[in-house]
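Text of start00.cif, listed as mmCIF, C-alpha atoms:
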```cif
data_data
#
loop_
_atom_site.label_atom_id
_atom_site.label_comp_id
_atom_site.auth_asym_id
_atom_site.auth_seq_id
_atom_site.Cartn_x
_atom_site.Cartn_y
_atom_site.Cartn_z
CA MET A 1157 14.28 14.07 4.66
CA LEU A 1158 13.49 13.37 1.00
CA ILE A 1159 13.14 9.81 -0.34
CA HIS A 1160 11.63 9.29 -3.81
CA ALA A 1161 9.94 12.64 -3.26
CA ASP A 1162 9.40 13.52 -6.94
CA ASN A 1163 6.09 12.01 -8.09
CA THR A 1164 6.95 12.77 -11.72
CA ILE A 1165 9.67 10.09 -11.69
CA ARG A 1166 9.17 6.32 -11.76
CA ALA A 1167 10.33 4.73 -8.50
CA LEU A 1168 10.88 1.04 -7.74
CA VAL A 1169 11.90 -0.21 -4.30
CA HIS A 1170 12.38 -3.86 -3.32
CA ALA A 1171 11.45 -3.41 0.32
CA GLN A 1172 12.69 -6.89 1.28
CA ASP A 1173 16.21 -5.71 0.42
CA LEU A 1174 16.18 -2.60 2.63
CA PRO A 1175 17.60 -2.61 6.16
CA TRP A 1176 15.24 -2.04 9.06
CA VAL A 1177 15.76 1.44 10.51
CA ALA A 1178 14.84 2.17 14.12
CA SER A 1179 12.04 4.66 14.75
CA PRO A 1180 11.91 6.93 17.82
CA GLN A 1181 9.59 4.37 19.44
CA ALA A 1182 11.25 1.31 21.01
CA GLY A 1183 10.48 -1.91 19.15
CA VAL A 1184 9.21 -0.20 15.99
CA GLU A 1185 11.37 -0.26 12.85
CA ARG A 1186 10.85 1.01 9.31
CA ARG A 1187 11.75 0.49 5.70
CA MET A 1188 11.16 3.86 4.04
CA LEU A 1189 9.84 3.76 0.47
CA ALA A 1190 8.98 7.43 -0.09
CA ARG A 1191 9.11 10.38 2.29
CA ILE A 1192 8.83 14.15 2.44
CA GLY A 1193 9.62 15.37 5.95
CA ASP A 1194 11.18 14.09 9.15
CA GLU A 1195 9.08 12.51 11.92
CA VAL A 1196 5.97 14.40 10.80
CA ALA A 1197 6.07 13.44 7.14
CA GLN A 1198 4.14 12.53 4.06
CA ALA A 1199 5.37 8.97 3.96
CA THR A 1200 4.97 5.54 2.38
CA THR A 1201 6.62 2.94 4.58
CA ILE A 1202 6.87 -0.71 5.62
CA VAL A 1203 6.70 -0.73 9.44
CA ARG A 1204 7.56 -3.61 11.76
CA TYR A 1205 6.30 -3.79 15.35
CA ALA A 1206 8.15 -6.17 17.68
CA LYS A 1207 6.06 -8.23 20.09
CA GLY A 1208 4.48 -6.02 22.73
CA SER A 1209 5.47 -2.70 21.14
CA MET A 1210 3.17 0.26 20.60
CA PHE A 1211 3.07 3.95 19.74
CA PRO A 1212 1.52 6.51 22.11
CA ALA A 1213 -1.97 7.72 21.22
CA HIS A 1214 -1.88 10.20 18.34
CA THR A 1215 -4.12 11.94 15.80
CA HIS A 1216 -3.67 11.63 12.03
CA ASP A 1217 -4.18 15.22 10.87
CA MET A 1218 -3.94 14.23 7.20
CA GLY A 1219 -5.07 10.61 7.42
CA GLU A 1220 -3.54 7.16 7.49
CA GLU A 1221 -3.99 4.20 5.16
CA TYR A 1222 -2.50 0.80 5.92
CA LEU A 1223 -2.48 -2.85 4.91
CA VAL A 1224 -1.41 -5.54 7.39
CA LEU A 1225 1.25 -7.70 5.73
CA ASP A 1226 2.07 -10.08 8.57
CA GLY A 1227 1.00 -10.78 12.16
CA VAL A 1228 -1.76 -8.84 13.91
CA PHE A 1229 -1.92 -5.04 14.17
CA GLN A 1230 -3.93 -3.71 17.12
CA ASP A 1231 -5.57 -0.50 18.27
CA GLU A 1232 -8.79 0.64 19.95
CA MET A 1233 -10.79 -0.76 17.02
CA GLY A 1234 -9.56 -4.28 17.82
CA ASP A 1235 -7.31 -6.83 16.14
CA HIS A 1236 -6.38 -6.37 12.48
CA PRO A 1237 -4.91 -9.60 11.03
CA ALA A 1238 -2.76 -10.01 7.93
CA GLY A 1239 -4.69 -9.03 4.83
CA ARG A 1240 -6.74 -6.27 6.43
CA TYR A 1241 -6.86 -2.91 4.67
CA VAL A 1242 -7.80 0.11 6.80
CA ARG A 1243 -8.31 3.74 5.94
CA ASN A 1244 -8.34 6.19 8.87
CA PRO A 1245 -9.35 9.67 7.66
CA PRO A 1246 -7.99 13.03 8.79
CA GLY A 1247 -8.81 13.73 12.42
CA SER A 1248 -8.86 10.06 13.43
CA ARG A 1249 -7.00 9.04 16.58
CA HIS A 1250 -5.68 5.72 17.88
CA THR A 1251 -3.01 3.95 19.92
CA PRO A 1252 -1.36 1.47 17.53
CA GLY A 1253 0.65 -1.55 18.61
CA SER A 1254 0.91 -5.32 18.52
CA GLN A 1255 1.19 -7.90 21.25
CA PRO A 1256 2.13 -10.75 18.84
CA GLY A 1257 4.13 -8.53 16.45
CA THR A 1258 3.19 -7.30 13.01
CA VAL A 1259 4.37 -5.77 9.73
CA ILE A 1260 2.24 -3.18 7.93
CA PHE A 1261 2.42 -1.16 4.72
CA VAL A 1262 1.34 2.37 5.63
CA LYS A 1263 0.77 5.68 3.87
CA LEU A 1264 0.61 8.84 6.00
CA ARG A 1265 -0.61 12.39 5.33
CA GLN A 1266 -1.86 11.73 1.78
CA PHE A 1267 -5.62 12.41 2.17
CA ASP A 1268 -7.76 15.35 1.19
CA ALA A 1269 -8.13 17.48 4.32
CA HIS A 1270 -11.95 17.26 4.15
CA ASP A 1271 -12.11 13.48 3.67
CA ARG A 1272 -13.92 11.71 6.50
CA ARG A 1273 -14.44 8.25 5.02
CA PHE A 1274 -13.37 5.24 7.12
CA VAL A 1275 -12.75 1.91 5.34
CA GLU A 1276 -11.99 -1.55 6.70
CA VAL A 1277 -11.80 -4.53 4.31
CA ASP A 1278 -10.24 -7.98 4.50
CA LEU A 1279 -8.44 -9.03 1.33
CA GLY A 1280 -9.90 -12.20 -0.11
CA HIS A 1281 -13.06 -12.03 2.03
CA ALA A 1282 -15.03 -9.32 0.24
CA PRO A 1283 -16.74 -9.59 -3.18
CA GLN A 1284 -14.44 -9.94 -6.17
CA HIS A 1285 -15.24 -9.41 -9.83
CA ARG A 1286 -13.61 -10.27 -13.12
CA ASP A 1287 -12.02 -7.40 -14.99
CA ALA A 1288 -13.67 -6.98 -18.39
CA GLN A 1289 -10.52 -5.39 -19.83
CA ARG A 1290 -8.16 -8.07 -18.49
CA PRO A 1291 -9.69 -11.53 -18.88
CA GLY A 1292 -9.02 -13.91 -16.00
CA VAL A 1293 -8.01 -11.23 -13.52
CA LEU A 1294 -10.00 -11.06 -10.28
CA VAL A 1295 -10.36 -7.65 -8.67
CA GLN A 1296 -11.44 -6.73 -5.14
CA ASP A 1297 -12.47 -3.09 -4.66
CA LEU A 1298 -11.03 -1.59 -1.47
CA GLN A 1299 -11.54 2.17 -1.85
CA HIS A 1300 -13.04 4.45 -4.51
CA ASP A 1301 -13.60 8.19 -4.49
CA ALA A 1302 -13.08 11.15 -6.80
CA ARG A 1303 -9.32 11.16 -6.20
CA GLU A 1304 -8.37 7.48 -6.47
CA THR A 1305 -9.29 3.83 -6.65
CA VAL A 1306 -7.60 1.17 -4.52
CA THR A 1307 -7.90 -2.51 -5.38
CA ALA A 1308 -6.42 -5.91 -4.64
CA GLU A 1309 -5.84 -7.82 -7.87
CA TYR A 1310 -5.37 -11.55 -8.27
CA TRP A 1311 -3.36 -12.74 -11.26
CA GLN A 1312 -2.25 -16.05 -12.81
CA ARG A 1313 1.01 -17.15 -14.44
CA ASP A 1314 1.82 -15.62 -17.86
CA GLN A 1315 -1.04 -13.14 -17.78
CA ILE A 1316 -0.08 -9.86 -19.45
CA TRP A 1317 -0.78 -6.51 -17.79
CA GLN A 1318 -0.49 -3.57 -20.16
CA GLU A 1319 -2.01 -0.35 -18.86
CA THR A 1320 -1.38 3.38 -19.13
CA PHE A 1321 -2.09 5.46 -16.02
CA PRO A 1322 -3.18 9.00 -16.99
CA HIS A 1323 -2.66 10.35 -13.47
CA GLY A 1324 -0.18 7.81 -12.13
CA ALA A 1325 -0.41 4.75 -9.89
CA GLU A 1326 1.25 2.76 -7.11
CA LEU A 1327 1.66 -1.01 -6.88
CA LEU A 1328 2.74 -3.21 -4.00
CA VAL A 1329 3.30 -6.88 -4.73
CA LEU A 1330 1.89 -8.86 -1.82
CA GLN A 1331 2.56 -12.35 -3.14
CA GLY A 1332 4.17 -13.77 -6.28
CA GLN A 1333 6.34 -12.21 -8.97
CA MET A 1334 5.74 -9.86 -11.87
CA GLN A 1335 8.02 -8.53 -14.58
CA ASP A 1336 7.78 -4.94 -15.79
CA GLY A 1337 10.19 -4.36 -18.64
CA ALA A 1338 13.65 -5.30 -17.36
CA ASP A 1339 12.55 -5.28 -13.69
CA THR A 1340 11.30 -8.24 -11.68
CA LEU A 1341 8.97 -7.33 -8.82
CA ARG A 1342 8.48 -9.76 -5.94
CA ALA A 1343 6.81 -9.76 -2.53
CA TRP A 1344 6.96 -6.26 -1.00
CA SER A 1345 8.27 -4.63 -4.15
CA TRP A 1346 6.75 -1.15 -4.41
CA LEU A 1347 6.41 0.60 -7.76
CA ARG A 1348 5.26 4.19 -8.27
CA LEU A 1349 4.38 5.22 -11.81
CA PRO A 1350 4.06 8.91 -12.74
CA ALA A 1351 1.22 10.43 -14.72
CA GLY A 1352 1.11 9.05 -18.26
CA ALA A 1353 3.37 6.08 -17.50
CA ARG A 1354 2.67 2.68 -19.03
CA LEU A 1355 3.01 -0.66 -17.31
CA ASP A 1356 4.16 -3.55 -19.49
CA GLY A 1357 3.88 -6.43 -17.06
CA ARG A 1358 3.81 -10.21 -17.12
CA ILE A 1359 3.10 -12.53 -14.21
CA LEU A 1360 6.02 -14.90 -13.56
CA SER A 1361 4.67 -16.95 -10.64
CA ASP A 1362 1.75 -19.39 -10.52
CA THR A 1363 -0.30 -16.67 -8.80
CA ALA A 1364 0.30 -13.07 -7.78
CA THR A 1365 -1.61 -10.72 -5.50
CA ILE A 1366 -1.01 -7.02 -6.06
CA TRP A 1367 -2.29 -3.95 -4.19
CA VAL A 1368 -2.96 -1.15 -6.68
CA LYS A 1369 -3.74 2.54 -6.18
CA ARG A 1370 -4.80 4.38 -9.36
CA HIS A 1371 -4.88 8.17 -9.13
CA LEU A 1372 -7.86 9.76 -10.86
CA THR A 1373 -6.80 13.40 -10.57
CA LYS A 1374 -3.56 15.32 -10.89
CA GLU A 1375 -1.62 15.17 -7.62
#
```
Target format structure tokens, applied to this file:
Amino acid sequence: MLIHADNTIRALVHAQDLPWVASPQAGVERRMLARIGDEVAQATTIVRYAKGSMFPAHTHDMGEEYLVLDGVFQDEMGDHPAGRYVRNPPGSRHTPGSQPGTVIFVKLRQFDAHDRRFVEVDLGHAPQHRDAQRPGVLVQDLQHDARETVTAEYWQRDQIWQETFPHGAELLVLQGQMQDGADTLRAWSWLRLPAGARLDGRILSDTATIWVKRHLTKE
């Protein structure tokens, strides 16, 4: 299965508009944003767990990165409420599920094979700093290594976001609206920009919260 598999092409998906597609596990549904492979795949996905559903225990050979969008995600590490960002490196193992139900944004099999760094951060509850290049924008650092930076960024109405990404980037709008050229991004809109692409954005809502992954090396 190939969905937005070419990283050299700009891709925009309004995940709220996609139908939920059943997974092999009862009670777990998906909205696929990008995918290379079938059930074992390099994938970027919105996943919904119905109340009381769970996956069997499994190991992430090439890592897992997720952000809880709604509800409470659960595994052996405990409860992960909305707004929690977690990075489980290659070789990590868990039994994911949710008694109350949850929706997560998840990226699978996209780590360096030797990466062993675990990260767990709550959006809005860790230190934030003002971006010197973009006055008025608050930034929360979630993950930083030689390959990428991941941040949560907090914007205000009519702020302008103009940036060129030498090695590409991904954005997920968590709250609010942003315009990029002729496109309007809203909650759960996912945008992938290829290497060298330029964002020409403007915030349309009173506030906007955006998850951003900037690639620092050629993929």
Study note, to complete from the structure: Among A:Thr1363, A:Thr1200, A:Gln1315, A:Ser1345, Gln1266 of chain A is approached most closely, using all atoms listed in the file, by A:Thr1200
Given the file shown, determine the residues that the PyMOL selection byres ((chain A and resi 1226) around 6) selects; report them as a CSV table (one decimal) with C-alpha atoms, in the frame of the given file.
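Saved as part.csv:
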```csv
chain,number,residue,atom,x,y,z
A,1224,VAL,CA,-1.4,-5.5,7.4
A,1225,LEU,CA,1.2,-7.7,5.7
A,1227,GLY,CA,1.0,-10.8,12.2
A,1238,ALA,CA,-2.8,-10.0,7.9
A,1258,THR,CA,3.2,-7.3,13.0
A,1259,VAL,CA,4.4,-5.8,9.7
```
Find the axis-aligned box for segment 1238-1250 of chain A, covering all its listed atoms and adding 6 Å on each side, and write its centre and edge lengths in Å to one decimal as JSON.
```
{"center_x": -6.1, "center_y": 1.9, "center_z": 11.3, "size_x": 18.6, "size_y": 35.7, "size_z": 25.2}
```
Would you tabulate, counting all atoms listed in the file, all residues of segment 1181-1282 of chain A that have an atom at most 10 Å from an atom of segment 1292-1309 of chain A, showing the closest pair of atoms and their distance in Å to one decimal, sorted by chain then ascending number, as a Markdown table?
```
| residue | atom | partner | partner_atom | distance |
| --- | --- | --- | --- | --- |
| A:Tyr1241 | CA | A:Leu1298 | CA | 7.5 |
| A:Val1242 | CA | A:Leu1298 | CA | 9.0 |
| A:Arg1243 | CA | A:Gln1299 | CA | 8.6 |
| A:Phe1267 | CA | A:Arg1303 | CA | 9.2 |
| A:Asp1268 | CA | A:Arg1303 | CA | 8.6 |
| A:Asp1271 | CA | A:Asp1301 | CA | 9.8 |
| A:Arg1273 | CA | A:Asp1301 | CA | 9.5 |
| A:Phe1274 | CA | A:Gln1299 | CA | 9.7 |
| A:Val1275 | CA | A:Gln1299 | CA | 7.3 |
| A:Glu1276 | CA | A:Leu1298 | CA | 8.2 |
| A:Val1277 | CA | A:Leu1298 | CA | 6.5 |
| A:Asp1278 | CA | A:Leu1298 | CA | 8.8 |
| A:Leu1279 | CA | A:Ala1308 | CA | 7.0 |
| A:Gly1280 | CA | A:Gln1296 | CA | 7.6 |
| A:His1281 | CA | A:Gln1296 | CA | 9.1 |
| A:Ala1282 | CA | A:Gln1296 | CA | 7.0 |
```
**Study point:** Å distance separating atom CA of Ile1260 of chain A from atom CA of Thr1201 of chain A, one decimal place
**Key:** 8.2 Å
Practice item. Have a look at A:Arg1166, A:His1236, A:Arg1272, A:Arg1348 and name the one nearest to Trp1367 of chain A; count only C-alpha atoms. Key: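 Under the stated criterion, the closest residue is A:Arg1348.
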Exercise for review: For each of A:His1285, A:His1270, A:Lys1207, A:Lys1374, take the minimum atom-to-atom distance to Pro1256 of chain A, counting only C-alpha atoms, then give the residue where this is smallest.
Suggested key: A:Lys1207
Practice item. Have a look at atom CA of Ala1343 of chain A and atom CA of Tyr1205 of chain A and let me know their distance in Å, one decimal. Key: 18.9 Å
Review point. When the PyMOL selection byres ((chain A and resi 1333) around 12) is applied to the file above, which residues end up in the set, as a PyMOL selection string?
Key: chain A and resi 1170+1310-1315+1328-1332+1334-1336+1339-1346+1357-1366
**Study point:** Coordinates-based distance that separates atom CA of Ala1199 of chain A from atom CA of Gly1337 of chain A (Å, one decimal)
**Key:**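 Separating atom CA of Gly1337 of chain A from atom CA of Ala1199 of chain A is a distance of 26.7 Å.
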Practice item. May I have the protein, DNA and RNA residues with an atom at most 8 Å from (-2.4, 1.9, 18.7), counting all atoms listed in the file in the file's coordinates, returned as a PyMOL selection string? Key: chain A and resi 1210-1213+1230-1232+1250-1254
Check your understanding: On this structure, which residues satisfy the PyMOL selection byres ((chain A and resi 1189) around 10), written as JSON, numbers by chain?
Key -> {"A": [1159, 1160, 1161, 1167, 1168, 1169, 1170, 1171, 1174, 1186, 1187, 1188, 1190, 1191, 1199, 1200, 1201, 1202, 1261, 1263, 1345, 1346, 1347, 1348]}
Check your understanding: From the list A:Ile1316, A:Arg1265, A:Ser1179, A:Ala1197, which residue is nearest Arg1290 of chain A when using only C-alpha atoms?
Key -> A:Ile1316
